[in-house]
Amino acid sequence: MSKLYAELIRIRFLTMLAYRVNYYSGIIIYNINIGAYYFLWGAIYGGQPQLGGLSPEQMTAYVAISWMSRAFYFNNIDQEIAQDVREGKVAIEMIRPYNYLSVKAAQALGEGMFRLFFFAIPGILLVSLFIPFHFPTSLQTWGLYLTSLLLAFVINTEINLLTGVLTFFLFRNEGIMWAKRVMVDLLSGVTLPISFFPGWAQALLAFLPFQAINYYPSMIFAGAAGADKAAQVLLLQALWIFVLLVPIALLWRQAKQKLVVQGG
């Protein structure tokens with residue numbers, strides 16, 4: 001079975017490779033976004049040594065890596081699930097000898113790996129030529145960041161699986177998927193670091209999984225989270241992975257029963 005999922009990852013990677021021109025243009029768009037945020041935050045800091053617990057140098061690294069991290073963990077498997085449900089393809093998928101949701105997660109990983117090697121890494125190297133920021137110099141920091149980024153991918157994928165499975169009950173849930181995407185970008189720290197949110201908002205977000213998607217890995221990369229804090233972050237991310245598995249399992253069980261009823 002592991003060979004099956006490895007093959008699915010490879011196939012999705014090669015499929016994305018066939019349309020790599022789209023991602024080359026995407027690198028340019030992401031660099032424009034990073035450049036715009038760089039100059040915006042430069043104006044906001046106005047020479048101040050620190051804001052929201054971040055120095056100007058840390059903020060520069062945070063902005064750059066948060067967008068490039070997004071390139072890895074972002075995927076559209078919720079839309080793929082919704083399309084499979086509307087077109088009836090999911091019925092065929094569910095009688096095959098594998099877990100449908102696990103297949104979608106494997107395909108998302110293949111897409112993420114493509115984005116990492118052909119989008120994020122070239123993009124961050126390109127932006128470093130124009131925007132001054134420092135890469136982590138410690139192998140420990142790199143290891144913590146990459147581990148946190150992988151966990152962030154799993155959490156974001158689980159959220160996408162949840163919104164995708166809702167299609168079984170709502171049939172059309174484009175509005176929910178659009179709202180979910182906006183919420184993830186805003187509440188995960190891509191648009192604004194969580195430390196800049198009001199105190200009550202930070203307290204509320206502590207009970208939600210969104211900041212575990214982008215804010216935590218980016219803070220580790222930027223050097224704003226020490227080794228002890230990073231270890232706590234990884235444990236919290238792992239906890240969210242297990243917590244999100246519960247609603248996925250419950251909804252998936254109900255979704256399979258509903259599909260059988262609809263099919264007669």
# chains A, B, ... in the order shown; residues from 1 in each chain; ligands from 1
$ select_by_dssp --residues "stretch 1-249 of chain A" --states "helix (DSSP H, G or I)" --output "MDAnalysis selection string"
chainID A and resid 2:18 20:45 56:73 77:87 89:94 100:127 139:165 167:170 174:187 194:196 199:205 210:212 215:222 227:249
$ residues_around --residues "stretch 166-174 of chain A" --least-positions-apart "3" --cutoff "8 Å" --atoms "only C-alpha atoms" --output "compact mmCIF listing (two decimals) with C-alpha atoms, in the first residue's frame"
# COMPACT_ATOMS: atom_id res chain seq x y z
CA ILE A 81 -13.18 16.37 -3.88
CA ALA A 82 -16.10 18.69 -4.59
CA VAL A 85 -18.76 14.44 -5.85
CA ARG A 86 -20.64 16.61 -8.34
CA LEU A 162 -12.83 18.70 5.97
CA THR A 163 -14.16 21.37 3.61
CA MET A 177 -14.15 26.86 0.36
CA TRP A 178 -13.59 30.49 -0.63
CA LEU A 251 -17.70 13.25 8.71
CA ALA A 255 -20.45 10.88 4.01
CA LYS A 258 -25.05 9.36 2.63
CA LEU A 259 -23.49 8.38 -0.70
$ residues_around --residues "stretch 145-147 of chain A" --least-positions-apart "2" --cutoff "12 Å" --atoms "only C-alpha atoms" --output "ChimeraX atom specification"
/A:65-66,69,72-73,116,135-136,138-143,149-154,213-227,230-231,233-235,237-238
$ write_last_selection --atoms "N, CA and C atoms" --output "tab-separated table (two decimals), in the first residue's frame"
chain	number	residue	atom	x	y	z
A	65	ILE	N	9.57	34.28	3.87
A	65	ILE	CA	9.39	32.83	4.05
A	65	ILE	C	7.93	32.46	4.22
A	66	SER	N	7.09	33.37	4.74
A	66	SER	CA	5.69	33.03	4.92
A	66	SER	C	5.01	32.81	3.56
A	69	SER	N	6.53	29.54	2.13
A	69	SER	CA	5.99	28.38	2.83
A	69	SER	C	4.59	28.06	2.31
A	72	PHE	N	4.31	25.71	-0.53
A	72	PHE	CA	4.43	24.28	-0.26
A	72	PHE	C	3.15	23.69	0.29
A	73	TYR	N	2.59	24.33	1.32
A	73	TYR	CA	1.44	23.69	1.99
A	73	TYR	C	0.11	23.94	1.27
A	116	LEU	N	7.58	23.08	-3.83
A	116	LEU	CA	8.77	23.34	-3.01
A	116	LEU	C	10.02	23.47	-3.87
A	135	PHE	N	19.39	34.10	5.79
A	135	PHE	CA	18.94	32.73	6.00
A	135	PHE	C	19.44	32.25	7.36
A	136	PRO	N	18.74	31.31	7.97
A	136	PRO	CA	19.24	30.75	9.24
A	136	PRO	C	20.62	30.14	9.04
A	138	SER	N	22.02	28.15	11.44
A	138	SER	CA	22.09	26.95	12.26
A	138	SER	C	21.35	25.80	11.58
A	139	LEU	N	21.99	24.63	11.54
A	139	LEU	CA	21.33	23.45	11.00
A	139	LEU	C	20.13	23.06	11.86
A	140	GLN	N	20.22	23.33	13.16
A	140	GLN	CA	19.11	23.03	14.05
A	140	GLN	C	17.88	23.86	13.67
A	141	THR	N	18.11	25.13	13.37
A	141	THR	CA	16.99	26.00	12.97
A	141	THR	C	16.37	25.52	11.67
A	142	TRP	N	17.21	25.13	10.72
A	142	TRP	CA	16.70	24.59	9.45
A	142	TRP	C	15.88	23.32	9.70
A	143	GLY	N	16.39	22.46	10.56
A	143	GLY	CA	15.67	21.22	10.84
A	143	GLY	C	14.34	21.48	11.50
A	149	LEU	N	7.27	23.01	8.94
A	149	LEU	CA	6.61	23.22	7.64
A	149	LEU	C	5.87	21.97	7.19
A	150	LEU	N	6.48	20.80	7.41
A	150	LEU	CA	5.81	19.55	7.04
A	150	LEU	C	4.54	19.34	7.86
A	151	LEU	N	4.61	19.62	9.15
A	151	LEU	CA	3.44	19.51	10.01
A	151	LEU	C	2.37	20.51	9.58
A	152	ALA	N	2.81	21.70	9.16
A	152	ALA	CA	1.87	22.71	8.68
A	152	ALA	C	1.14	22.22	7.42
A	153	PHE	N	1.87	21.54	6.56
A	153	PHE	CA	1.25	20.97	5.37
A	153	PHE	C	0.15	19.98	5.74
A	154	VAL	N	0.43	19.13	6.72
A	154	VAL	CA	-0.55	18.13	7.14
A	154	VAL	C	-1.80	18.81	7.70
A	213	ILE	N	-0.33	26.75	10.81
A	213	ILE	CA	-0.08	26.50	9.38
A	213	ILE	C	1.07	27.34	8.85
A	214	ASN	N	1.11	28.62	9.22
A	214	ASN	CA	2.13	29.48	8.64
A	214	ASN	C	2.93	30.26	9.68
A	215	TYR	N	2.25	30.78	10.68
A	215	TYR	CA	2.90	31.65	11.65
A	215	TYR	C	4.03	30.95	12.39
A	216	TYR	N	3.78	29.75	12.87
A	216	TYR	CA	4.80	29.02	13.63
A	216	TYR	C	6.05	28.73	12.80
A	217	PRO	N	5.92	28.11	11.60
A	217	PRO	CA	7.14	27.85	10.81
A	217	PRO	C	7.90	29.13	10.45
A	218	SER	N	7.15	30.19	10.12
A	218	SER	CA	7.81	31.44	9.71
A	218	SER	C	8.56	32.08	10.86
A	219	MET	N	8.00	32.01	12.07
A	219	MET	CA	8.69	32.57	13.24
A	219	MET	C	9.97	31.79	13.55
A	220	ILE	N	9.93	30.49	13.35
A	220	ILE	CA	11.14	29.68	13.55
A	220	ILE	C	12.21	30.09	12.54
A	221	PHE	N	11.81	30.22	11.28
A	221	PHE	CA	12.77	30.60	10.23
A	221	PHE	C	13.36	31.98	10.51
A	222	ALA	N	12.51	32.91	10.94
A	222	ALA	CA	12.95	34.29	11.16
A	222	ALA	C	13.82	34.43	12.41
A	223	GLY	N	13.93	33.37	13.21
A	223	GLY	CA	14.74	33.42	14.40
A	223	GLY	C	14.04	34.07	15.58
A	224	ALA	N	12.70	34.24	15.46
A	224	ALA	CA	11.93	34.86	16.54
A	224	ALA	C	11.44	33.83	17.56
A	225	ALA	N	11.71	32.56	17.29
A	225	ALA	CA	11.33	31.49	18.22
A	225	ALA	C	12.57	30.65	18.51
A	226	GLY	N	13.02	30.65	19.76
A	226	GLY	CA	14.20	29.87	20.14
A	226	GLY	C	13.93	28.38	20.09
A	227	ALA	N	14.94	27.60	20.44
A	227	ALA	CA	14.82	26.14	20.35
A	227	ALA	C	13.72	25.61	21.27
A	230	ALA	N	10.41	26.61	19.83
A	230	ALA	CA	10.18	25.82	18.62
A	230	ALA	C	9.72	24.41	18.96
A	231	ALA	N	10.30	23.82	20.00
A	231	ALA	CA	9.90	22.47	20.41
A	231	ALA	C	8.44	22.47	20.87
A	233	VAL	N	6.18	24.53	19.80
A	233	VAL	CA	5.41	24.73	18.57
A	233	VAL	C	5.18	23.40	17.85
A	234	LEU	N	6.23	22.60	17.74
A	234	LEU	CA	6.11	21.32	17.05
A	234	LEU	C	5.13	20.40	17.77
A	235	LEU	N	5.18	20.39	19.09
A	235	LEU	CA	4.24	19.57	19.86
A	235	LEU	C	2.81	20.04	19.66
A	237	GLN	N	1.65	21.63	17.01
A	237	GLN	CA	1.25	21.27	15.65
A	237	GLN	C	0.86	19.79	15.58
A	238	ALA	N	1.65	18.93	16.22
A	238	ALA	CA	1.33	17.51	16.23
A	238	ALA	C	-0.01	17.25	16.92
$ closest_residue --among "A:Ile77, A:Ile121, A:Leu51, A:Ala91" --to "A:Ile194" --atoms "only C-alpha atoms"
A:Leu51
$ residues_around --residues "A:Ser188" --least-positions-apart "2" --cutoff "9 Å" --atoms "only C-alpha atoms" --output "PDB file with N, CA and C atoms, in the first residue's frame"
ATOM      1  N   MET A 183      -9.760  32.832   5.304  1.00  0.00           N
ATOM      2  CA  MET A 183      -9.495  32.690   6.733  1.00  0.00           C
ATOM      3  C   MET A 183      -8.109  32.116   6.990  1.00  0.00           C
ATOM      4  N   VAL A 184      -7.709  31.126   6.196  1.00  0.00           N
ATOM      5  CA  VAL A 184      -6.391  30.515   6.390  1.00  0.00           C
ATOM      6  C   VAL A 184      -5.292  31.541   6.146  1.00  0.00           C
ATOM      7  N   ASP A 185      -5.396  32.320   5.060  1.00  0.00           N
ATOM      8  CA  ASP A 185      -4.371  33.324   4.769  1.00  0.00           C
ATOM      9  C   ASP A 185      -4.315  34.402   5.841  1.00  0.00           C
ATOM     10  N   LEU A 186      -5.486  34.817   6.318  1.00  0.00           N
ATOM     11  CA  LEU A 186      -5.529  35.897   7.310  1.00  0.00           C
ATOM     12  C   LEU A 186      -5.120  35.405   8.694  1.00  0.00           C
ATOM     13  N   VAL A 190      -0.178  34.887   7.170  1.00  0.00           N
ATOM     14  CA  VAL A 190       0.390  35.262   5.879  1.00  0.00           C
ATOM     15  C   VAL A 190       0.200  36.755   5.638  1.00  0.00           C
ATOM     16  N   THR A 191      -1.011  37.237   5.853  1.00  0.00           N
ATOM     17  CA  THR A 191      -1.316  38.645   5.627  1.00  0.00           C
ATOM     18  C   THR A 191      -0.733  39.530   6.714  1.00  0.00           C
ATOM     19  N   LEU A 192      -0.824  39.075   7.971  1.00  0.00           N
ATOM     20  CA  LEU A 192      -0.362  39.861   9.117  1.00  0.00           C
ATOM     21  C   LEU A 192       0.125  38.910  10.199  1.00  0.00           C
ATOM     22  N   PRO A 193       1.342  39.095  10.723  1.00  0.00           N
ATOM     23  CA  PRO A 193       1.823  38.223  11.801  1.00  0.00           C
ATOM     24  C   PRO A 193       0.856  38.226  12.985  1.00  0.00           C
ATOM     25  N   ILE A 194       0.682  37.078  13.605  1.00  0.00           N
ATOM     26  CA  ILE A 194      -0.269  36.941  14.703  1.00  0.00           C
ATOM     27  C   ILE A 194       0.078  37.872  15.866  1.00  0.00           C
ATOM     28  N   PRO A 209      -6.527  26.151  14.797  1.00  0.00           N
ATOM     29  CA  PRO A 209      -5.328  25.558  14.204  1.00  0.00           C
ATOM     30  C   PRO A 209      -4.619  26.437  13.178  1.00  0.00           C
ATOM     31  N   PHE A 210      -5.171  27.609  12.872  1.00  0.00           N
ATOM     32  CA  PHE A 210      -4.681  28.358  11.722  1.00  0.00           C
ATOM     33  C   PHE A 210      -3.241  28.837  11.866  1.00  0.00           C
ATOM     34  N   GLN A 211      -2.869  29.349  13.041  1.00  0.00           N
ATOM     35  CA  GLN A 211      -1.513  29.873  13.180  1.00  0.00           C
ATOM     36  C   GLN A 211      -0.465  28.768  13.113  1.00  0.00           C
ATOM     37  N   ALA A 212      -0.895  27.510  13.317  1.00  0.00           N
ATOM     38  CA  ALA A 212       0.033  26.387  13.188  1.00  0.00           C
ATOM     39  C   ALA A 212       0.378  26.101  11.737  1.00  0.00           C
ATOM     40  N   ILE A 213      -0.330  26.751  10.806  1.00  0.00           N
ATOM     41  CA  ILE A 213      -0.085  26.500   9.383  1.00  0.00           C
ATOM     42  C   ILE A 213       1.068  27.337   8.852  1.00  0.00           C
ATOM     43  N   ASN A 214       1.109  28.620   9.216  1.00  0.00           N
ATOM     44  CA  ASN A 214       2.134  29.483   8.637  1.00  0.00           C
ATOM     45  C   ASN A 214       2.925  30.258   9.683  1.00  0.00           C
ATOM     46  N   TYR A 215       2.251  30.779  10.681  1.00  0.00           N
ATOM     47  CA  TYR A 215       2.899  31.653  11.652  1.00  0.00           C
ATOM     48  C   TYR A 215       4.032  30.950  12.394  1.00  0.00           C
ATOM     49  N   TYR A 216       3.784  29.747  12.867  1.00  0.00           N
ATOM     50  CA  TYR A 216       4.800  29.023  13.625  1.00  0.00           C
ATOM     51  C   TYR A 216       6.051  28.728  12.799  1.00  0.00           C
TER      52      TYR A 216
END
$ closest_residue --among "A:Ala64, A:Leu101, A:Val90, A:Leu40" --to "A:Ala249" --atoms "only C-alpha atoms"
A:Leu101
$ residues_around --residues "stretch 29-37 of chain A" --least-positions-apart "3" --cutoff "10 Å" --atoms "only C-alpha atoms" --output "PDB file with N, CA and C atoms, in the first residue's frame"
ATOM      1  N   TYR A  23       3.813  27.988 -12.956  1.00  0.00           N
ATOM      2  CA  TYR A  23       4.472  28.255 -11.687  1.00  0.00           C
ATOM      3  C   TYR A  23       5.658  29.195 -11.849  1.00  0.00           C
ATOM      4  N   TYR A  24       6.233  29.226 -13.021  1.00  0.00           N
ATOM      5  CA  TYR A  24       7.262  30.221 -13.261  1.00  0.00           C
ATOM      6  C   TYR A  24       6.661  31.622 -13.188  1.00  0.00           C
ATOM      7  N   SER A  25       5.486  31.788 -13.764  1.00  0.00           N
ATOM      8  CA  SER A  25       4.805  33.078 -13.648  1.00  0.00           C
ATOM      9  C   SER A  25       4.384  33.325 -12.209  1.00  0.00           C
ATOM     10  N   GLY A  26       4.047  32.239 -11.500  1.00  0.00           N
ATOM     11  CA  GLY A  26       3.679  32.372 -10.098  1.00  0.00           C
ATOM     12  C   GLY A  26       4.822  32.871  -9.243  1.00  0.00           C
ATOM     13  N   LEU A  40       6.048  48.068   2.396  1.00  0.00           N
ATOM     14  CA  LEU A  40       4.976  48.468   3.304  1.00  0.00           C
ATOM     15  C   LEU A  40       5.438  48.393   4.757  1.00  0.00           C
ATOM     16  N   TRP A  41       6.055  47.262   5.122  1.00  0.00           N
ATOM     17  CA  TRP A  41       6.506  47.111   6.497  1.00  0.00           C
ATOM     18  C   TRP A  41       7.672  48.046   6.811  1.00  0.00           C
ATOM     19  N   GLY A  42       8.483  48.342   5.810  1.00  0.00           N
ATOM     20  CA  GLY A  42       9.558  49.314   6.016  1.00  0.00           C
ATOM     21  C   GLY A  42       8.993  50.670   6.396  1.00  0.00           C
ATOM     22  N   ALA A  43       7.886  51.054   5.746  1.00  0.00           N
ATOM     23  CA  ALA A  43       7.242  52.323   6.074  1.00  0.00           C
ATOM     24  C   ALA A  43       6.579  52.273   7.448  1.00  0.00           C
ATOM     25  N   MET A  59      11.301  40.694  10.480  1.00  0.00           N
ATOM     26  CA  MET A  59      10.074  40.884   9.710  1.00  0.00           C
ATOM     27  C   MET A  59      10.316  40.639   8.225  1.00  0.00           C
ATOM     28  N   THR A  60      11.465  41.079   7.726  1.00  0.00           N
ATOM     29  CA  THR A  60      11.796  40.848   6.322  1.00  0.00           C
ATOM     30  C   THR A  60      11.863  39.357   6.032  1.00  0.00           C
ATOM     31  N   VAL A  63       8.252  37.823   6.232  1.00  0.00           N
ATOM     32  CA  VAL A  63       7.429  38.094   5.047  1.00  0.00           C
ATOM     33  C   VAL A  63       7.825  37.194   3.889  1.00  0.00           C
ATOM     34  N   ALA A  64       9.135  37.093   3.657  1.00  0.00           N
ATOM     35  CA  ALA A  64       9.615  36.303   2.525  1.00  0.00           C
ATOM     36  C   ALA A  64       9.285  34.825   2.693  1.00  0.00           C
ATOM     37  N   ILE A  65       9.566  34.278   3.870  1.00  0.00           N
ATOM     38  CA  ILE A  65       9.391  32.833   4.049  1.00  0.00           C
ATOM     39  C   ILE A  65       7.930  32.458   4.224  1.00  0.00           C
ATOM     40  N   SER A  66       7.095  33.374   4.736  1.00  0.00           N
ATOM     41  CA  SER A  66       5.687  33.031   4.915  1.00  0.00           C
ATOM     42  C   SER A  66       5.013  32.805   3.563  1.00  0.00           C
ATOM     43  N   TRP A  67       5.356  33.625   2.577  1.00  0.00           N
ATOM     44  CA  TRP A  67       4.772  33.447   1.244  1.00  0.00           C
ATOM     45  C   TRP A  67       5.328  32.202   0.562  1.00  0.00           C
ATOM     46  N   MET A  68       6.618  31.940   0.739  1.00  0.00           N
ATOM     47  CA  MET A  68       7.196  30.768   0.109  1.00  0.00           C
ATOM     48  C   MET A  68       6.765  29.477   0.814  1.00  0.00           C
ATOM     49  N   ALA A  71       3.551  28.367  -0.589  1.00  0.00           N
ATOM     50  CA  ALA A  71       3.656  27.659  -1.865  1.00  0.00           C
ATOM     51  C   ALA A  71       3.730  26.153  -1.652  1.00  0.00           C
ATOM     52  N   PHE A 119       9.128  26.131  -7.107  1.00  0.00           N
ATOM     53  CA  PHE A 119       8.468  27.397  -6.827  1.00  0.00           C
ATOM     54  C   PHE A 119       9.111  28.072  -5.621  1.00  0.00           C
ATOM     55  N   ALA A 120       9.022  27.416  -4.461  1.00  0.00           N
ATOM     56  CA  ALA A 120       9.469  28.047  -3.222  1.00  0.00           C
ATOM     57  C   ALA A 120      10.980  28.293  -3.204  1.00  0.00           C
ATOM     58  N   GLY A 123      12.070  30.728  -5.812  1.00  0.00           N
ATOM     59  CA  GLY A 123      11.491  32.024  -5.467  1.00  0.00           C
ATOM     60  C   GLY A 123      12.233  32.712  -4.347  1.00  0.00           C
ATOM     61  N   ILE A 124      12.573  31.958  -3.291  1.00  0.00           N
ATOM     62  CA  ILE A 124      13.257  32.572  -2.160  1.00  0.00           C
ATOM     63  C   ILE A 124      14.677  32.975  -2.532  1.00  0.00           C
ATOM     64  N   LEU A 126      15.534  33.955  -5.555  1.00  0.00           N
ATOM     65  CA  LEU A 126      15.376  35.139  -6.413  1.00  0.00           C
ATOM     66  C   LEU A 126      15.100  36.381  -5.584  1.00  0.00           C
ATOM     67  N   VAL A 127      14.198  36.259  -4.617  1.00  0.00           N
ATOM     68  CA  VAL A 127      13.847  37.436  -3.822  1.00  0.00           C
ATOM     69  C   VAL A 127      15.015  37.883  -2.951  1.00  0.00           C
ATOM     70  N   SER A 128      15.901  36.942  -2.580  1.00  0.00           N
ATOM     71  CA  SER A 128      17.054  37.308  -1.749  1.00  0.00           C
ATOM     72  C   SER A 128      18.041  38.191  -2.508  1.00  0.00           C
ATOM     73  N   PHE A 130      17.114  40.761  -4.223  1.00  0.00           N
ATOM     74  CA  PHE A 130      16.575  42.121  -4.239  1.00  0.00           C
ATOM     75  C   PHE A 130      16.213  42.647  -2.854  1.00  0.00           C
ATOM     76  N   ILE A 131      15.904  41.722  -1.929  1.00  0.00           N
ATOM     77  CA  ILE A 131      15.502  42.133  -0.588  1.00  0.00           C
ATOM     78  C   ILE A 131      16.510  41.581   0.408  1.00  0.00           C
ATOM     79  N   THR A 191      -1.011  37.237   5.853  1.00  0.00           N
ATOM     80  CA  THR A 191      -1.316  38.645   5.627  1.00  0.00           C
ATOM     81  C   THR A 191      -0.733  39.530   6.714  1.00  0.00           C
ATOM     82  N   LEU A 192      -0.824  39.075   7.971  1.00  0.00           N
ATOM     83  CA  LEU A 192      -0.362  39.861   9.117  1.00  0.00           C
ATOM     84  C   LEU A 192       0.125  38.910  10.199  1.00  0.00           C
TER      85      LEU A 192
END
$ closest_residue --among "A:Leu4, A:Gly175, A:Leu239, A:Pro132" --to "A:Phe39" --atoms "only C-alpha atoms"
A:Pro132
